[in-house]
Amino acid sequence: MSTPKISKIGFIGLGIMGSPMAANLVKAGYDVTGFNLTQPPIDKLVEAGGKGAASIADAVRDADAVITMVPADPQVEEVMFGEGGVLDNVRPGTLVIDMSSIKPSTSIAVGKAGSAQGLRVLDAPVSGGEAGAVEAVLSIMVGGEAADFAAALPLFEALGKTIVHVGPYGAGQTVKAANQLIVAGNIQLVAEALLFLERAGVDTEAGLKVLGGGLAGSTVMARKGDSMRARRFKPGFRIDLHHKDMGIVSDAARELGLVLPFGALATTLVAALRAQGGGDLDHSGLLLALERLNGPADNGGSSNGKGGN
């Protein structure tokens, strides 16, 4: 039996990530109808050539595929299971793809409930931040049935470059949790290296350039280094969301009986910045918490005041 061609997509959640992702699907030739709790992102999608919906039901009722991209588990549960939600309104056989970052157990529950209704369900969280969403170069880690992954692959190819089926329901979220663990640690270490260079009086632009070309180089350094040097922390991925993700890592590690020492420290540092009022900052704002921890440069550092040049 051949798989029906996907042409109509209902997209739920047009935030920092969802908005450019929906626009990229429009660019790829899909008929995209979007819903969001606020109107301006819907208007932006319409300007990009998509359609707007007044409710979840209106967005998904005639869709061949539904994509959800919302902040956390409670929103996924409401969107999927709530009255007037996705599972109440999609047709049997619809491909339902949750691209939010949530607990693996929630994705497993969504997968089982959807399968019981004759739906094809995938969890497909992403990495790459706002820039990756805009440029359609996201990494996408997918859990679910192999046949459903194959059906969804053309959609994923309009959104990202590294697309891997990693296992059954929930496996995508487990890999995403590992991703967020690495990203938090990487940002913290880039912040520490940057402050180290500054306080030593080294030209940080030159320093990060040579570090980026060696084994210390990373996507975090390449994408965040210049904005961190300039103390620009406009959110591409907010500390509030990374705090939520580190909670997922901690809970999953506890369930597995694992001790993750650096992960525990990274979780604490993210939580500290959030407690200091930095929840709406980009996660690269971990540099600010590090500066507060160390105090001003004249408290014993050897900086000549030129480190940020």
# chains A, B, ... in the order shown; residues from 1 in each chain; ligands from 1

call {"tool": "closest_atom_pairs", "arguments": {"of": "region 215-239 of chain A", "to": "region 15-38 of chain A", "cutoff": "12 Å", "atoms": "only C-alpha atoms", "output": "tab-separated table"}}
result
residue	atom	partner	partner_atom	distance
A:Lys234	CA	A:Ile16	CA	11.4
A:Pro235	CA	A:Ile16	CA	8.7
A:Gly236	CA	A:Ile16	CA	7.1
A:Phe237	CA	A:Ile16	CA	8.0
A:Arg238	CA	A:Ile16	CA	9.7

call {"tool": "residues_around", "arguments": {"residues": "Gly263 (chain A)", "least_positions_apart": "3", "cutoff": "8 Å", "atoms": "only C-alpha atoms", "output": "ChimeraX atom specification"}}
result
/A:181,185,250,260,266-267

call {"tool": "closest_residue", "arguments": {"among": "A:Ala158, A:Glu130, A:Glu77, A:Gly10", "to": "Asn89 (chain A)", "atoms": "only C-alpha atoms"}}
result
A:Gly10

call {"tool": "select_by_dssp", "arguments": {"residues": "region 134-290 of chain A", "states": "alpha helix (DSSP H)", "output": "PyMOL selection string"}}
result
chain A and resi 134-135+146-157+171-199+204-212+219-229+239-256+261-273+286-290

call {"tool": "closest_residue", "arguments": {"among": "A:Thr219, A:Ser100, A:Ser105, A:Thr204", "to": "Lys244 (chain A)", "atoms": "only C-alpha atoms"}}
result
A:Ser100

call {"tool": "select_by_dssp", "arguments": {"residues": "region 149-272 of chain A", "states": "strand (DSSP E or B)", "output": "PyMOL selection string"}}
result
chain A and resi 160-167+238

call {"tool": "atom_distance", "arguments": {"atom1": "CA of Lys5 (chain A)", "atom2": "CA of Leu155 (chain A)"}}
result
11.1 Å

call {"tool": "atom_distance", "arguments": {"atom1": "CA of Asp280 (chain A)", "atom2": "CA of Asp240 (chain A)"}}
result
6.4 Å

call {"tool": "closest_atom_pairs", "arguments": {"of": "region 150-205 of chain A", "to": "region 290-295 of chain A", "cutoff": "9 Å", "atoms": "only C-alpha atoms", "output": "tab-separated table"}}
result
residue	atom	partner	partner_atom	distance
A:Gln188	CA	A:Leu290	CA	8.3
A:Ala191	CA	A:Leu290	CA	7.4
A:Glu192	CA	A:Leu290	CA	7.3
A:Leu195	CA	A:Glu291	CA	7.6

call {"tool": "residues_around", "arguments": {"residues": "Gly247 (chain A)", "least_positions_apart": "4", "cutoff": "12 Å", "atoms": "only C-alpha atoms", "output": "PyMOL selection string"}}
result
chain A and resi 72-73+101-103+177-178+180-181+240-243+251-254+263-264+266-268+270-271

call {"tool": "closest_residue", "arguments": {"among": "A:Ile42, A:Ala297, A:Leu138, A:Ile12", "to": "Ala200 (chain A)", "atoms": "only C-alpha atoms"}}
result
A:Ala297

call {"tool": "decode", "arguments": {"residues": "region 41-59 of chain A", "atoms": "N, CA and C atoms", "output": "tab-separated table (two decimals), in the first residue's frame"}}
result
chain	number	residue	atom	x	y	z
A	41	PRO	N	2.08	36.23	15.33
A	41	PRO	CA	2.78	35.19	14.59
A	41	PRO	C	1.92	34.55	13.49
A	42	ILE	N	0.61	34.49	13.71
A	42	ILE	CA	-0.27	33.97	12.67
A	42	ILE	C	-0.26	34.92	11.47
A	43	ASP	N	-0.32	36.22	11.75
A	43	ASP	CA	-0.27	37.21	10.67
A	43	ASP	C	1.04	37.11	9.90
A	44	LYS	N	2.12	36.86	10.62
A	44	LYS	CA	3.43	36.74	9.97
A	44	LYS	C	3.47	35.53	9.04
A	45	LEU	N	2.86	34.42	9.46
A	45	LEU	CA	2.79	33.24	8.60
A	45	LEU	C	1.96	33.52	7.35
A	46	VAL	N	0.85	34.22	7.51
A	46	VAL	CA	0.01	34.58	6.36
A	46	VAL	C	0.80	35.44	5.38
A	47	GLU	N	1.58	36.39	5.91
A	47	GLU	CA	2.41	37.25	5.05
A	47	GLU	C	3.44	36.43	4.28
A	48	ALA	N	3.86	35.31	4.88
A	48	ALA	CA	4.86	34.44	4.23
A	48	ALA	C	4.23	33.49	3.21
A	49	GLY	N	2.90	33.50	3.11
A	49	GLY	CA	2.22	32.65	2.14
A	49	GLY	C	1.44	31.51	2.75
A	50	GLY	N	1.43	31.41	4.08
A	50	GLY	CA	0.64	30.38	4.74
A	50	GLY	C	-0.77	30.85	5.03
A	51	LYS	N	-1.47	30.09	5.84
A	51	LYS	CA	-2.84	30.41	6.23
A	51	LYS	C	-2.92	30.46	7.76
A	52	GLY	N	-3.88	31.21	8.26
A	52	GLY	CA	-4.10	31.29	9.69
A	52	GLY	C	-5.35	30.54	10.11
A	53	ALA	N	-5.34	30.07	11.34
A	53	ALA	CA	-6.49	29.35	11.89
A	53	ALA	C	-6.92	30.00	13.19
A	54	ALA	N	-8.20	29.91	13.49
A	54	ALA	CA	-8.74	30.49	14.71
A	54	ALA	C	-8.70	29.52	15.88
A	55	SER	N	-8.37	28.25	15.61
A	55	SER	CA	-8.32	27.25	16.67
A	55	SER	C	-7.44	26.09	16.22
A	56	ILE	N	-7.10	25.24	17.17
A	56	ILE	CA	-6.36	24.03	16.83
A	56	ILE	C	-7.18	23.18	15.87
A	57	ALA	N	-8.46	23.05	16.16
A	57	ALA	CA	-9.33	22.24	15.31
A	57	ALA	C	-9.31	22.72	13.87
A	58	ASP	N	-9.39	24.03	13.67
A	58	ASP	CA	-9.38	24.58	12.31
A	58	ASP	C	-8.05	24.31	11.61
A	59	ALA	N	-6.96	24.30	12.38
A	59	ALA	CA	-5.65	24.10	11.77
A	59	ALA	C	-5.40	22.66	11.35
